[in-house]
$ cat work_19.pdb   # PDB, C-alpha atoms, pLDDT in the B column
ATOM      1  CA  LEU A  29      90.990  97.238 117.822  1.00 40.00           C
ATOM      2  CA  PRO A  30      94.683  97.733 116.954  1.00 44.00           C
ATOM      3  CA  GLN A  31      93.932  96.275 113.476  1.00 42.00           C
ATOM      4  CA  VAL A  32      91.100  98.756 112.958  1.00 38.00           C
ATOM      5  CA  ALA A  33      93.287 101.657 114.147  1.00 40.00           C
ATOM      6  CA  ARG A  34      95.927 100.660 111.615  1.00 41.00           C
ATOM      7  CA  ILE A  35      93.379 100.524 108.766  1.00 42.00           C
ATOM      8  CA  PHE A  36      91.218 103.416 109.967  1.00 42.00           C
ATOM      9  CA  PRO A  37      93.560 105.906 111.751  1.00 44.00           C
ATOM     10  CA  PRO A  38      90.741 108.404 112.488  1.00 46.00           C
ATOM     11  CA  LEU A  39      89.239 105.811 114.891  1.00 40.00           C
ATOM     12  CA  ALA A  40      92.468 105.429 116.890  1.00 42.00           C
ATOM     13  CA  HIS A  41      91.587 108.338 119.237  1.00 42.00           C
ATOM     14  CA  LEU A  42      88.420 106.627 120.549  1.00 41.00           C
ATOM     15  CA  PRO A  43      88.645 105.175 124.075  1.00 47.00           C
ATOM     16  CA  ARG A  44      88.806 101.391 124.246  1.00 46.00           C
ATOM     17  CA  LEU A  45      85.843  99.544 125.715  1.00 39.00           C
ATOM     18  CA  ARG A  46      85.991  96.305 127.665  1.00 42.00           C
ATOM     19  CA  SER A  47      83.057  93.952 127.331  1.00 42.00           C
ATOM     20  CA  GLY A  48      80.155  96.332 127.832  1.00 48.00           C
ATOM     21  CA  LEU A  49      81.853  98.822 130.168  1.00 44.00           C
ATOM     22  CA  ARG A  50      81.925 102.565 129.609  1.00 48.00           C
ATOM     23  CA  PRO A  51      85.308 104.296 129.730  1.00 50.00           C
ATOM     24  CA  ALA A  52      86.202 106.078 132.954  1.00 58.00           C
ATOM     25  CA  GLY A  53      86.219 109.852 133.323  1.00 58.00           C
ATOM     26  CA  ALA A  54      84.493 112.588 131.336  1.00 54.00           C
ATOM     27  CA  ALA A  55      84.172 110.441 128.226  1.00 51.00           C
ATOM     28  CA  ALA A  56      81.785 108.112 130.091  1.00 50.00           C
ATOM     29  CA  ALA A  57      78.898 110.553 129.955  1.00 53.00           C
ATOM     30  CA  GLU A  58      79.356 111.125 126.223  1.00 54.00           C
ATOM     31  CA  MET A  59      79.677 107.518 125.066  1.00 48.00           C
ATOM     32  CA  PRO A  60      76.852 104.980 124.900  1.00 53.00           C
ATOM     33  CA  LEU A  61      77.264 101.514 126.332  1.00 49.00           C
ATOM     34  CA  VAL A  62      78.702  99.231 123.621  1.00 47.00           C
ATOM     35  CA  SER A  63      78.745  95.485 124.036  1.00 49.00           C
ATOM     36  CA  LYS A  64      81.719  93.374 122.965  1.00 53.00           C
ATOM     37  CA  PRO A  65      79.695  91.364 120.375  1.00 52.00           C
ATOM     38  CA  LEU A  66      78.427  94.612 118.828  1.00 44.00           C
ATOM     39  CA  SER A  67      81.904  96.168 118.655  1.00 48.00           C
ATOM     40  CA  THR A  68      83.287  92.923 117.195  1.00 51.00           C
ATOM     41  CA  LEU A  69      80.535  92.910 114.576  1.00 46.00           C
ATOM     42  CA  ALA A  70      81.232  96.560 113.730  1.00 47.00           C
ATOM     43  CA  CYS A  71      84.933  95.774 113.229  1.00 41.00           C
ATOM     44  CA  ALA A  72      84.084  92.798 111.010  1.00 42.00           C
ATOM     45  CA  VAL A  73      81.754  94.938 108.891  1.00 36.00           C
ATOM     46  CA  LEU A  74      84.411  97.633 108.485  1.00 37.00           C
ATOM     47  CA  LEU A  75      87.017  95.072 107.465  1.00 38.00           C
ATOM     48  CA  TYR A  76      84.597  93.432 104.991  1.00 37.00           C
ATOM     49  CA  VAL A  77      83.744  96.774 103.387  1.00 34.00           C
ATOM     50  CA  ALA A  78      87.453  97.545 102.939  1.00 32.00           C
ATOM     51  CA  ARG A  79      88.169  94.083 101.455  1.00 36.00           C
ATOM     52  CA  PRO A  80      87.107  94.420  97.787  1.00 41.00           C
ATOM     53  CA  THR A  81      89.730  96.997  96.841  1.00 47.00           C
ATOM     54  CA  ALA A  82      92.516  95.709  99.031  1.00 57.00           C
ATOM     55  CA  GLY A  83      94.915  93.236  97.548  1.00 78.00           C
ATOM     56  CA  VAL A  84      94.096  93.642  93.841  1.00 93.00           C
ATOM     57  CA  THR A  85      97.007  94.280  91.509  1.00 95.00           C
ATOM     58  CA  TRP A  86      96.165  94.741  87.839  1.00 97.00           C
ATOM     59  CA  ILE A  87      98.642  93.216  85.392  1.00 96.00           C
ATOM     60  CA  LYS A  88      98.628  93.389  81.582  1.00 97.00           C
ATOM     61  CA  GLY A  89      99.413  89.828  80.584  1.00 97.00           C
ATOM     62  CA  GLY A  90     101.427  88.447  77.725  1.00 97.00           C
ATOM     63  CA  ALA A  91      99.749  87.712  74.407  1.00 97.00           C
ATOM     64  CA  GLY A  92      97.523  84.634  74.541  1.00 97.00           C
ATOM     65  CA  SER A  93      97.913  84.143  78.318  1.00 97.00           C
ATOM     66  CA  SER A  94      95.061  83.443  80.713  1.00 97.00           C
ATOM     67  CA  CYS A  95      94.794  85.431  83.937  1.00 97.00           C
ATOM     68  CA  GLU A  96      95.402  82.193  85.847  1.00 97.00           C
ATOM     69  CA  THR A  97      98.829  82.070  84.184  1.00 97.00           C
ATOM     70  CA  VAL A  98      99.488  85.804  84.547  1.00 96.00           C
ATOM     71  CA  CYS A  99      98.562  85.791  88.257  1.00 96.00           C
ATOM     72  CA  SER A 100     100.077  82.418  89.216  1.00 95.00           C
ATOM     73  CA  ALA A 101     103.070  84.039  90.944  1.00 91.00           C
ATOM     74  CA  ARG A 102     100.789  86.526  92.720  1.00 92.00           C
ATOM     75  CA  ASP A 103      98.534  84.144  94.668  1.00 92.00           C
ATOM     76  CA  GLY A 104      96.009  83.755  91.828  1.00 95.00           C
ATOM     77  CA  CYS A 105      93.346  85.725  89.993  1.00 97.00           C
ATOM     78  CA  ARG A 106      90.350  87.432  91.667  1.00 96.00           C
ATOM     79  CA  GLU A 107      87.068  86.555  89.934  1.00 94.00           C
ATOM     80  CA  ASP A 108      85.252  89.228  91.979  1.00 93.00           C
ATOM     81  CA  ALA A 109      87.355  92.184  90.796  1.00 95.00           C
ATOM     82  CA  TRP A 110      86.376  92.688  87.124  1.00 96.00           C
ATOM     83  CA  PRO A 111      85.516  96.303  86.216  1.00 96.00           C
ATOM     84  CA  ALA A 112      81.777  96.979  86.339  1.00 95.00           C
ATOM     85  CA  THR A 113      81.867 100.161  84.244  1.00 96.00           C
ATOM     86  CA  GLN A 114      83.969 101.655  81.477  1.00 97.00           C
ATOM     87  CA  GLU A 115      85.033 104.356  83.940  1.00 97.00           C
ATOM     88  CA  GLU A 116      86.418 101.707  86.344  1.00 97.00           C
ATOM     89  CA  PHE A 117      88.234 100.084  83.419  1.00 98.00           C
ATOM     90  CA  GLU A 118      89.795 103.387  82.332  1.00 97.00           C
ATOM     91  CA  GLU A 119      90.878 104.140  85.920  1.00 97.00           C
ATOM     92  CA  MET A 120      92.564 100.730  86.023  1.00 97.00           C
ATOM     93  CA  THR A 121      94.406 101.166  82.694  1.00 98.00           C
ATOM     94  CA  THR A 122      95.552 104.621  83.761  1.00 97.00           C
ATOM     95  CA  SER A 123      96.813 103.228  87.079  1.00 95.00           C
ATOM     96  CA  ILE A 124      99.020 100.679  85.285  1.00 96.00           C
ATOM     97  CA  GLY A 125     100.227 103.170  82.685  1.00 97.00           C
ATOM     98  CA  PHE A 126      98.409 101.782  79.641  1.00 98.00           C
ATOM     99  CA  ASN A 127      96.574 104.024  77.189  1.00 97.00           C
ATOM    100  CA  CYS A 128      93.920 102.537  74.877  1.00 98.00           C
ATOM    101  CA  ALA A 129      93.602 104.260  71.489  1.00 97.00           C
ATOM    102  CA  GLY A 130      89.912 103.345  71.642  1.00 97.00           C
ATOM    103  CA  THR A 131      87.682 101.397  74.027  1.00 97.00           C
ATOM    104  CA  GLN A 132      84.599  99.339  73.253  1.00 96.00           C
ATOM    105  CA  GLU A 133      82.377  97.201  75.442  1.00 94.00           C
ATOM    106  CA  GLY A 134      83.918  93.899  74.277  1.00 93.00           C
ATOM    107  CA  GLY A 135      81.723  91.142  75.655  1.00 93.00           C
ATOM    108  CA  ALA A 136      84.162  88.215  75.454  1.00 94.00           C
ATOM    109  CA  ARG A 137      85.061  86.025  78.440  1.00 94.00           C
ATOM    110  CA  TYR A 138      88.681  87.161  78.033  1.00 96.00           C
ATOM    111  CA  ASP A 139      87.790  90.861  78.423  1.00 97.00           C
ATOM    112  CA  PRO A 140      89.089  93.201  79.726  1.00 97.00           C
ATOM    113  CA  SER A 141      91.791  92.946  77.091  1.00 98.00           C
ATOM    114  CA  THR A 142      93.761  94.761  74.432  1.00 98.00           C
ATOM    115  CA  ASP A 143      95.329  94.010  71.084  1.00 97.00           C
ATOM    116  CA  GLY A 144      98.076  96.426  72.084  1.00 96.00           C
ATOM    117  CA  ARG A 145      96.189  99.456  70.808  1.00 97.00           C
ATOM    118  CA  TYR A 146      92.406  99.057  71.210  1.00 98.00           C
ATOM    119  CA  CYS A 147      90.658  97.709  74.307  1.00 98.00           C
ATOM    120  CA  GLY A 148      87.516  95.763  75.226  1.00 97.00           C
ATOM    121  CA  TRP A 149      86.498  96.342  78.833  1.00 96.00           C
ATOM    122  CA  SER A 150      83.404  94.264  79.637  1.00 95.00           C
ATOM    123  CA  GLY A 151      83.073  90.502  79.820  1.00 91.00           C
ATOM    124  CA  PRO A 152      79.895  88.694  78.754  1.00 89.00           C
ATOM    125  CA  PRO A 153      76.581  89.304  80.492  1.00 84.00           C
ATOM    126  CA  GLU A 154      76.248  86.981  83.481  1.00 73.00           C
ATOM    127  CA  ASP A 155      73.560  84.918  81.777  1.00 59.00           C
ATOM    128  CA  ASN A 156      75.910  84.247  78.821  1.00 57.00           C
ATOM    129  CA  ALA A 157      78.978  83.438  80.914  1.00 57.00           C
ATOM    130  CA  GLY A 158      77.682  79.959  81.729  1.00 63.00           C
ATOM    131  CA  GLY A 159      79.074  80.220  85.257  1.00 70.00           C
ATOM    132  CA  ALA A 160      82.593  79.462  84.005  1.00 80.00           C
ATOM    133  CA  PRO A 161      85.441  81.388  85.639  1.00 89.00           C
ATOM    134  CA  ARG A 162      86.766  84.189  83.453  1.00 95.00           C
ATOM    135  CA  CYS A 163      90.275  84.033  84.958  1.00 96.00           C
ATOM    136  CA  GLU A 164      91.034  80.783  83.133  1.00 95.00           C
ATOM    137  CA  GLU A 165      90.008  82.085  79.701  1.00 95.00           C
ATOM    138  CA  ASP A 166      92.800  82.942  77.278  1.00 92.00           C
ATOM    139  CA  GLY A 167      92.588  85.019  74.127  1.00 90.00           C
ATOM    140  CA  ASP A 168      94.228  84.437  70.776  1.00 92.00           C
ATOM    141  CA  ALA A 169      97.927  85.044  70.134  1.00 95.00           C
ATOM    142  CA  SER A 170      97.417  88.815  69.724  1.00 96.00           C
ATOM    143  CA  THR A 171      95.221  89.377  72.805  1.00 97.00           C
ATOM    144  CA  HIS A 172      96.667  90.712  76.067  1.00 98.00           C
ATOM    145  CA  ARG A 173      94.371  90.373  79.076  1.00 98.00           C
ATOM    146  CA  PHE A 174      94.159  92.816  81.957  1.00 98.00           C
ATOM    147  CA  CYS A 175      94.199  90.581  85.030  1.00 98.00           C
ATOM    148  CA  PRO A 176      93.126  91.254  88.641  1.00 97.00           C
ATOM    149  CA  CYS A 177      95.788  89.445  90.662  1.00 97.00           C
ATOM    150  CA  VAL A 178      95.369  88.785  94.377  1.00 95.00           C
ATOM    151  CA  ALA A 179      98.580  90.428  95.539  1.00 83.00           C
ATOM    152  CA  ASP A 180     101.579  92.364  94.351  1.00 74.00           C
ATOM    153  CA  LYS A 181     104.686  90.317  94.987  1.00 69.00           C
ATOM    154  CA  GLU A 182     108.191  91.218  94.007  1.00 57.00           C
ATOM    155  CA  LEU A 183     109.073  88.945  91.125  1.00 56.00           C
TER     156      LEU A 183
END

$ encode --input "work_19.pdb" --output "structure tokens"
Amino acid sequence: LPQVARIFPPLAHLPRLRSGLRPAGAAAAEMPLVSKPLSTLACAVLLYVARPTAGVTWIKGGAGSSCETVCSARDGCREDAWPATQEEFEEMTTSIGFNCAGTQEGGARYDPSTDGRYCGWSGPPEDNAGGAPRCEEDGDASTHRFCPCVADKEL
């Protein structure tokens, strides 16, 4: 429970339960009986729901570099973090301080990317990706990829 309180401060005020026991005092009448397996499952679900956004640091890579290369000093590239919409892509570019003069869907395995001015945000449809990881794809010498790295480390 201390981990949940750190991640979800609004839950910190709730009384702690021990293996199916109700808390003592006035709170006992207000709180339902909660078993330890159920409370453990609830914590696991909360932590899983918080997981997708935690730990992703977007980096604009050097020209011609794959995201595996760009993210190698940051514990690797996250294949599950590609933007699903143009709005998500634009939020990401804004968050890293990059402004695209124009944005199109793209559709290449190395997208999201930029030529330094214009951007392509969406990779290929899943059926055209061939199951190959997009992180390892590199563009040509004038293509800069936007890469979802696992963590932000001081370099």

$ resolve_selection --input "work_19.pdb" --expression "the PyMOL selection byres ((chain A and resi 172) around 6)" --output "count of residues only"
7

$ resolve_selection --input "work_19.pdb" --expression "the PyMOL selection byres ((chain A and resi 98-109) around 10)" --output "VMD selection string"
chain A and resid 80 to 81 83 to 90 93 to 97 110 to 112 161 to 164 173 to 183

$ closest_residue --input "work_19.pdb" --among "A:Gly125, A:Gln132, A:Glu116, A:Gly92" --to "A:Ala169" --atoms "all atoms listed in the file"
A:Gly92

$ atom_distance --input "work_19.pdb" --atom1 "atom CA of A:Asp168" --atom2 "atom CA of A:Pro140"
13.5 Å

$ atom_distance --input "work_19.pdb" --atom1 "atom CA of A:Glu115" --atom2 "atom CA of A:Pro152"
17.3 Å

$ resolve_selection --input "work_19.pdb" --expression "the PyMOL selection byres ((chain A and resi 130) around 10)" --output "list in words"
Asn127, Cys128, Ala129, Thr131, Gln132, Thr142, Arg145, Tyr146, Cys147 and Gly148 of chain A

$ closest_residue --input "work_19.pdb" --among "A:Ser170, A:Glu118, A:Ile124, A:Ser150" --to "A:Tyr138" --atoms "all atoms listed in the file"
A:Ser150

$ residues_near_point --input "work_19.pdb" --point "(81.8, 91.5, 79.8)" --cutoff "8 Å" --atoms "all atoms listed in the file" --output "PyMOL selection string"
chain A and resi 133-137+139-140+149-153
